[in-house]
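One file, upload_3.txt, carrying compact mmCIF, C-alpha atoms:
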```txt
# COMPACT_ATOMS: atom_id res chain seq x y z
CA MET A 695 -10.61 -2.60 19.10
CA SER A 696 -12.73 -5.29 20.69
CA ASP A 697 -15.67 -4.35 18.46
CA GLY A 698 -13.54 -4.59 15.32
CA SER A 699 -13.31 -0.83 14.82
CA VAL A 700 -9.98 0.55 13.60
CA ILE A 701 -11.31 4.11 13.88
CA GLN A 702 -13.76 5.19 16.56
CA THR A 703 -14.57 8.87 17.14
CA GLN A 704 -16.83 10.57 19.69
CA GLY A 705 -17.78 14.20 19.22
CA LEU A 706 -14.56 15.01 17.37
CA SER A 707 -14.36 18.73 16.58
CA LYS A 708 -11.77 21.22 15.36
CA ASN A 709 -11.94 25.00 15.25
CA PHE A 710 -9.44 27.38 13.70
CA GLY A 711 -10.32 30.60 15.50
CA ASN A 712 -13.93 31.31 14.61
CA VAL A 713 -13.89 28.83 11.74
CA ILE A 714 -15.46 25.43 12.49
CA ALA A 715 -13.55 22.92 10.37
CA LEU A 716 -15.04 19.79 11.94
CA SER A 717 -18.13 19.54 14.13
CA ASN A 718 -19.06 16.66 16.44
CA LEU A 719 -17.86 13.79 14.26
CA ASN A 720 -19.12 10.40 15.46
CA LEU A 721 -17.77 7.68 13.22
CA SER A 722 -16.80 4.02 13.35
CA VAL A 723 -14.71 2.33 10.64
CA LYS A 724 -14.33 -1.44 10.79
CA ARG A 725 -11.10 -3.32 10.20
CA GLY A 726 -10.54 -4.25 6.55
CA CYS A 727 -13.10 -1.71 5.35
CA VAL A 728 -12.48 0.64 2.42
CA PHE A 729 -14.08 3.85 3.65
CA GLY A 730 -14.64 6.82 1.36
CA PHE A 731 -14.84 10.38 2.69
CA LEU A 732 -16.49 12.74 0.21
CA GLY A 733 -17.18 16.42 0.42
CA PRO A 734 -16.49 19.75 -1.30
CA ASN A 735 -13.31 21.73 -0.80
CA GLY A 736 -13.19 23.12 2.72
CA ALA A 737 -15.62 20.55 4.09
CA GLY A 738 -13.15 19.32 6.71
CA LYS A 739 -11.92 16.08 5.14
CA THR A 740 -8.21 16.83 5.34
CA THR A 741 -8.59 18.23 8.86
CA THR A 742 -10.18 14.93 9.89
CA VAL A 743 -7.34 12.91 8.37
CA ARG A 744 -4.71 15.07 10.04
CA ILE A 745 -6.36 14.56 13.44
CA LEU A 746 -6.80 10.81 13.01
CA SER A 747 -3.25 10.31 11.74
CA GLY A 748 -1.77 12.10 14.75
CA LEU A 749 -0.65 15.28 13.00
CA LEU A 750 -3.20 17.67 14.50
CA LYS A 751 -4.84 17.94 17.90
CA PRO A 752 -8.63 18.28 17.99
CA SER A 753 -10.35 21.15 19.78
CA SER A 754 -12.66 18.70 21.55
CA GLY A 755 -13.86 15.13 21.42
CA ASN A 756 -12.07 11.80 21.50
CA ALA A 757 -10.98 9.09 19.12
CA THR A 758 -9.04 5.87 18.96
CA VAL A 759 -7.09 4.77 15.91
CA CYS A 760 -5.79 1.19 15.73
CA GLY A 761 -6.64 0.98 19.42
CA TYR A 762 -4.54 4.03 20.37
CA ASP A 763 -5.77 7.29 21.86
CA ILE A 764 -5.30 10.34 19.62
CA HIS A 765 -4.53 12.55 22.63
CA THR A 766 -1.86 10.45 24.35
CA GLN A 767 -0.58 7.89 21.80
CA ARG A 768 0.00 9.83 18.61
CA GLU A 769 3.42 8.28 17.94
CA GLU A 770 1.96 4.77 18.20
CA ILE A 771 -0.73 5.79 15.72
CA LYS A 772 1.88 7.08 13.26
CA ALA A 773 3.74 3.75 13.49
CA LYS A 774 0.65 1.70 12.64
CA THR A 775 -0.72 3.87 9.84
CA GLY A 776 0.28 5.13 6.41
CA LEU A 777 -0.57 8.59 5.12
CA LEU A 778 -0.56 9.97 1.59
CA PRO A 779 -1.54 13.66 1.87
CA GLU A 780 -3.02 15.61 -1.02
CA THR A 781 0.12 17.72 -1.44
CA PRO A 782 2.98 15.46 -0.32
CA GLY A 783 6.65 16.33 -0.39
CA LEU A 784 9.31 14.41 -2.26
CA TYR A 785 13.08 14.62 -2.04
CA SER A 786 13.70 15.40 -5.68
CA LYS A 787 17.46 14.76 -5.51
CA LEU A 788 16.87 11.12 -4.50
CA SER A 789 16.08 8.27 -6.84
CA ALA A 790 12.90 6.25 -6.37
CA VAL A 791 14.88 3.44 -4.72
CA GLU A 792 16.70 5.86 -2.40
CA PHE A 793 13.44 7.55 -1.40
CA LEU A 794 11.78 4.22 -0.60
CA GLU A 795 14.87 3.10 1.34
CA PHE A 796 14.59 6.31 3.35
CA ILE A 797 10.88 5.69 4.05
CA GLY A 798 11.69 2.13 5.00
CA ALA A 799 14.34 3.27 7.47
CA LEU A 800 11.83 5.64 9.07
CA ASN A 801 9.64 2.59 9.67
CA ASP A 802 12.50 0.44 11.05
CA MET A 803 12.81 -1.64 7.89
CA SER A 804 16.08 -2.74 6.32
CA GLY A 805 17.88 -5.58 4.58
CA GLU A 806 16.51 -8.10 2.14
CA VAL A 807 12.88 -7.72 3.20
CA LEU A 808 12.96 -4.00 2.41
CA ASN A 809 14.87 -4.48 -0.84
CA ARG A 810 12.48 -7.15 -2.09
CA ARG A 811 9.48 -5.05 -1.21
CA ILE A 812 10.89 -1.98 -2.97
CA ASP A 813 11.68 -4.00 -6.10
CA SER A 814 8.21 -5.57 -6.14
CA LEU A 815 6.39 -2.27 -5.64
CA LEU A 816 8.39 -0.43 -8.31
CA GLU A 817 7.77 -3.28 -10.76
CA LEU A 818 4.07 -3.26 -9.90
CA MET A 819 3.97 0.50 -10.54
CA GLY A 820 5.74 0.10 -13.89
CA LEU A 821 8.79 2.05 -12.72
CA GLU A 822 11.42 -0.71 -12.75
CA GLY A 823 13.25 0.90 -15.68
CA ARG A 824 13.45 4.28 -13.95
CA GLN A 825 14.10 3.22 -10.36
CA ASN A 826 17.56 4.79 -10.22
CA ASP A 827 16.63 8.07 -11.90
CA LEU A 828 16.25 11.16 -9.75
CA LEU A 829 12.67 11.95 -8.77
CA GLU A 830 13.05 15.45 -10.22
CA SER A 831 12.99 13.84 -13.67
CA TYR A 832 9.68 12.07 -13.01
CA SER A 833 6.30 13.19 -14.30
CA SER A 834 3.64 14.09 -11.72
CA GLY A 835 1.94 10.73 -12.29
CA MET A 836 5.18 8.81 -11.77
CA LYS A 837 5.85 10.73 -8.56
CA GLN A 838 2.36 9.86 -7.34
CA LYS A 839 3.05 6.17 -8.00
CA VAL A 840 6.22 6.37 -5.88
CA LEU A 841 4.25 8.08 -3.13
CA VAL A 842 1.57 5.38 -3.18
CA ALA A 843 4.35 2.77 -2.93
CA SER A 844 5.91 4.64 0.00
CA THR A 845 2.57 4.73 1.82
CA VAL A 846 2.00 0.96 1.76
CA LEU A 847 5.68 -0.06 2.01
CA HIS A 848 5.58 -0.98 5.70
CA GLU A 849 2.21 -2.76 5.42
CA PRO A 850 0.33 -0.44 7.77
CA GLN A 851 -2.87 -1.57 9.47
CA LEU A 852 -4.63 1.58 8.31
CA VAL A 853 -3.91 3.74 5.27
CA PHE A 854 -5.08 7.34 4.88
CA LEU A 855 -5.24 8.46 1.24
CA ASP A 856 -6.10 12.07 0.39
CA GLU A 857 -7.00 12.34 -3.31
CA PRO A 858 -4.77 9.38 -4.28
CA THR A 859 -5.68 9.41 -7.99
CA SER A 860 -5.62 13.16 -8.61
CA ARG A 861 -2.39 13.06 -10.65
CA LEU A 862 -2.88 9.69 -12.29
CA ASP A 863 -3.97 8.69 -15.76
CA PRO A 864 -6.87 6.19 -16.05
CA ALA A 865 -4.62 3.12 -16.23
CA ALA A 866 -2.66 4.14 -13.12
CA SER A 867 -5.91 4.94 -11.30
CA VAL A 868 -7.13 1.41 -12.01
CA LEU A 869 -3.83 0.05 -10.65
CA VAL A 870 -4.21 2.00 -7.40
CA ARG A 871 -7.81 0.82 -7.13
CA GLU A 872 -6.73 -2.81 -7.50
CA ILE A 873 -3.95 -2.42 -4.91
CA ILE A 874 -6.48 -1.02 -2.43
CA ILE A 875 -8.97 -3.82 -3.05
CA ALA A 876 -6.27 -6.52 -2.84
CA MET A 877 -4.77 -5.18 0.41
CA ALA A 878 -8.18 -4.84 2.01
CA ARG A 879 -9.25 -8.33 0.98
CA GLU A 880 -6.03 -10.29 1.47
CA MET A 881 -4.25 -8.37 4.25
CA ASP A 882 -7.25 -6.94 6.14
CA THR A 883 -5.81 -3.45 5.61
CA THR A 884 -8.24 -0.62 6.33
CA PHE A 885 -8.36 2.35 3.94
CA PHE A 886 -9.69 5.82 4.70
CA ILE A 887 -9.89 7.63 1.37
CA CYS A 888 -10.67 11.31 0.84
CA THR A 889 -11.62 11.90 -2.76
CA HIS A 890 -13.59 14.10 -5.13
CA MET A 891 -13.73 11.25 -7.65
CA THR A 892 -17.22 9.86 -7.09
CA ASP A 893 -16.78 7.15 -9.75
CA PHE A 894 -13.59 5.97 -8.00
CA ALA A 895 -15.37 5.99 -4.64
CA GLU A 896 -18.35 4.09 -6.04
CA ASP A 897 -16.05 1.41 -7.49
CA VAL A 898 -13.78 0.99 -4.47
CA CYS A 899 -15.47 2.04 -1.23
CA GLU A 900 -17.73 -0.22 0.80
CA ILE A 901 -18.94 2.60 3.06
CA ILE A 902 -19.08 6.29 2.22
CA GLY A 903 -19.42 9.30 4.46
CA ILE A 904 -20.34 12.69 3.00
CA LEU A 905 -19.04 15.70 4.90
CA ASN A 906 -20.34 19.21 4.30
CA GLU A 907 -19.27 22.32 6.23
CA GLY A 908 -17.63 20.16 8.88
CA VAL A 909 -20.71 18.01 9.50
CA LEU A 910 -21.08 14.35 8.54
CA ASN A 911 -24.59 14.31 7.13
CA THR A 912 -24.67 11.06 5.13
CA LEU A 913 -23.25 7.61 5.87
CA GLY A 914 -23.87 4.30 4.14
CA ASP A 915 -22.87 2.03 1.28
CA PRO A 916 -22.93 3.64 -2.18
CA ALA A 917 -26.07 1.84 -3.37
CA ASP A 918 -28.03 2.86 -0.28
CA ILE A 919 -26.96 6.51 -0.59
CA ILE A 920 -27.96 6.59 -4.26
CA GLN A 921 -31.33 5.04 -3.43
CA GLN A 922 -31.98 7.33 -0.45
CA VAL A 923 -31.85 10.49 -2.55
CA GLY A 924 -33.08 9.06 -5.84
CA GLY A 925 -29.82 9.59 -7.66
CA LYS A 926 -28.78 8.05 -10.98
CA ASP A 927 -25.30 7.26 -9.63
CA LEU A 928 -23.07 8.38 -6.76
CA GLU A 929 -22.09 11.62 -8.47
CA ASP A 930 -25.73 12.58 -8.92
CA ALA A 931 -26.53 11.61 -5.32
CA TYR A 932 -23.54 13.56 -4.03
CA LEU A 933 -24.63 16.73 -5.85
CA LYS A 934 -28.15 16.39 -4.50
CA ILE A 935 -26.78 16.10 -0.95
CA VAL A 936 -24.17 18.88 -0.93
CA GLY A 937 -25.66 21.12 -3.61
CA GLY A 938 -23.92 22.10 -6.81
CA GLU A 939 -26.27 20.71 -9.43
CA VAL A 940 -25.67 22.60 -12.64
CA ASP A 941 -28.43 24.69 -14.22
CA LYS A 942 -27.50 24.05 -17.84
CA SER A 943 -29.85 26.75 -19.07
CA ARG A 944 -27.66 29.36 -17.35
CA LEU A 945 -24.26 28.20 -18.58
CA LEU A 946 -23.92 30.95 -21.22
CA SER A 947 -25.82 33.64 -19.35
CA TRP A 948 -22.58 35.63 -18.99
CA ARG A 949 -22.92 36.55 -22.70
CA ASP A 950 -26.18 38.50 -22.13
```
Turn the structure described in the file into structure tokens.
Amino acid sequence: MSDGSVIQTQGLSKNFGNVIALSNLNLSVKRGCVFGFLGPNGAGKTTTVRILSGLLKPSSGNATVCGYDIHTQREEIKAKTGLLPETPGLYSKLSAVEFLEFIGALNDMSGEVLNRRIDSLLELMGLEGRQNDLLESYSSGMKQKVLVASTVLHEPQLVFLDEPTSRLDPAASVLVREIIIAMAREMDTTFFICTHMTDFAEDVCEIIGILNEGVLNTLGDPADIIQQVGGKDLEDAYLKIVGGEVDKSRLLSWRD
């Protein structure tokens, strides 16, 4: 990482049979950057995250993550990164504290340091009164808060977040946004965020990449992207780039 890049990819591609999920991705993400990855469903965002986090082997190309090679050092990558997938699993018969203790043990954490960190995160998430209740009794938003806490618990160098605010109410979304900004600024943590929430991306992300049909076709800071395509905001620019602008005159044409 001599050039300051936490993620560096060269021609990264992934095929599933005849389906091209990711095509020739060349990308560099600097340390401490909050990077947003936007694109429609099926664009290849989750495939990219699974490759970079060491869960999936690419069909071709190379990449380093936190200085480690994705082909030969996947376990080292997993140790240095945190991952919150879009559809994560929770052990519903554990309490929030027990689940976080389990995650801590997986990351070689124990004792007072782990206990203090768990208490602080649960208080930050507004769950201190429910910390000993089973996760099966939690709402979807409360579960997502626990999952966010579990992802940053071991202070990873790089955090992958796939739709982190999809189950959260506006207040909780603001909390997650502030945690991301604080960790990036104060701890030099790098975030790689896949999201459909263009307003969230515009508020949080310093650099945004837009992926469509497996191809990265736009890269830049939000203001530059908006200016490039003459958009009103990032959502408008995104729709101009990937398609999907709504013809309002046709909305009720099904009644004809």
Query - Non-local contacts of stretch 903-909 of chain A (7 Å; only C-alpha atoms; under 4 positions in same chain excluded) as an MDAnalysis selection string - result: chainID A and resid 714:717 719 730:734 737:738 913:914 936
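The space separating atom CA of A:Ala876 from atom CA of A:Asn809 comes to 21.3 Å.
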Query raised in the report: Which of these residues is nearest to A:Val870, using only C-alpha atoms: A:Phe886, A:Tyr832, A:Phe854, A:Phe894?
Result: A:Phe894
Could you list, as a short mmCIF file (atom, residue, chain, number, x, y, z; two decimals) with C-alpha atoms, in the frame of the given file, every residue within 10 Å of stretch 701-708 of chain A, counting all atoms listed in the file and ignoring same-chain residues fewer than 2 positions away?
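out.cif was written with the following content:
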```cif
data_model
loop_
_atom_site.label_atom_id
_atom_site.label_comp_id
_atom_site.auth_asym_id
_atom_site.auth_seq_id
_atom_site.Cartn_x
_atom_site.Cartn_y
_atom_site.Cartn_z
CA MET A 695 -10.61 -2.60 19.10
CA ASP A 697 -15.67 -4.35 18.46
CA GLY A 698 -13.54 -4.59 15.32
CA SER A 699 -13.31 -0.83 14.82
CA PHE A 710 -9.44 27.38 13.70
CA GLY A 711 -10.32 30.60 15.50
CA VAL A 713 -13.89 28.83 11.74
CA ILE A 714 -15.46 25.43 12.49
CA ALA A 715 -13.55 22.92 10.37
CA LEU A 716 -15.04 19.79 11.94
CA SER A 717 -18.13 19.54 14.13
CA ASN A 718 -19.06 16.66 16.44
CA LEU A 719 -17.86 13.79 14.26
CA ASN A 720 -19.12 10.40 15.46
CA LEU A 721 -17.77 7.68 13.22
CA SER A 722 -16.80 4.02 13.35
CA VAL A 723 -14.71 2.33 10.64
CA LYS A 724 -14.33 -1.44 10.79
CA ARG A 725 -11.10 -3.32 10.20
CA GLY A 738 -13.15 19.32 6.71
CA THR A 741 -8.59 18.23 8.86
CA THR A 742 -10.18 14.93 9.89
CA ILE A 745 -6.36 14.56 13.44
CA LEU A 746 -6.80 10.81 13.01
CA LEU A 750 -3.20 17.67 14.50
CA LYS A 751 -4.84 17.94 17.90
CA PRO A 752 -8.63 18.28 17.99
CA SER A 753 -10.35 21.15 19.78
CA SER A 754 -12.66 18.70 21.55
CA GLY A 755 -13.86 15.13 21.42
CA ASN A 756 -12.07 11.80 21.50
CA ALA A 757 -10.98 9.09 19.12
CA THR A 758 -9.04 5.87 18.96
CA VAL A 759 -7.09 4.77 15.91
CA CYS A 760 -5.79 1.19 15.73
CA GLY A 761 -6.64 0.98 19.42
CA TYR A 762 -4.54 4.03 20.37
CA ASP A 763 -5.77 7.29 21.86
CA ILE A 764 -5.30 10.34 19.62
CA LEU A 852 -4.63 1.58 8.31
CA THR A 884 -8.24 -0.62 6.33
CA PHE A 886 -9.69 5.82 4.70
CA GLY A 908 -17.63 20.16 8.88
CA VAL A 909 -20.71 18.01 9.50
#
```
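Between atom CA of A:Arg861 and atom CA of A:Ala917 the interatomic distance comes to 27.2 Å.
Of the listed residues (A:Val842, A:Leu946, A:Ile874, A:Ile935), A:Ile935 comes nearest to A:Leu910; the distances count only C-alpha atoms.
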Report task. Extract, using all atoms listed in the file, all DNA, RNA and protein residues at most 10 Å from A:Met881, discarding same-chain residues fewer than 4 positions from it, and format them as a VMD selection string. Result -> chain A and resid 726 849 to 851 875 to 877
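Here atom CA of A:Ile797 and atom CA of A:Asp856 stand 18.5 Å from one another.
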Query raised in the report: From the list A:Pro916, A:Gly835, A:Pro858, A:Gly820, which residue is nearest A:Cys899 when using all atoms listed in the file?
Result: A:Pro916
Query raised in the report: Quick one: of A:Met803, A:Lys837, A:Lys942, A:Glu795, who's nearest to A:Met819, counting only C-alpha atoms?
Result: A:Lys837
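Remark: for A:Phe729, the closest of the candidate residues A:Gly937, A:Asp915, A:Glu770, A:Gly925 is A:Asp915 (distances computed over all atoms listed in the file).
In this comparison, which uses all atoms listed in the file, the residue of A:Leu933, A:Ala799, A:Leu841, A:Leu847 approaching A:Thr775 most closely is A:Leu847.
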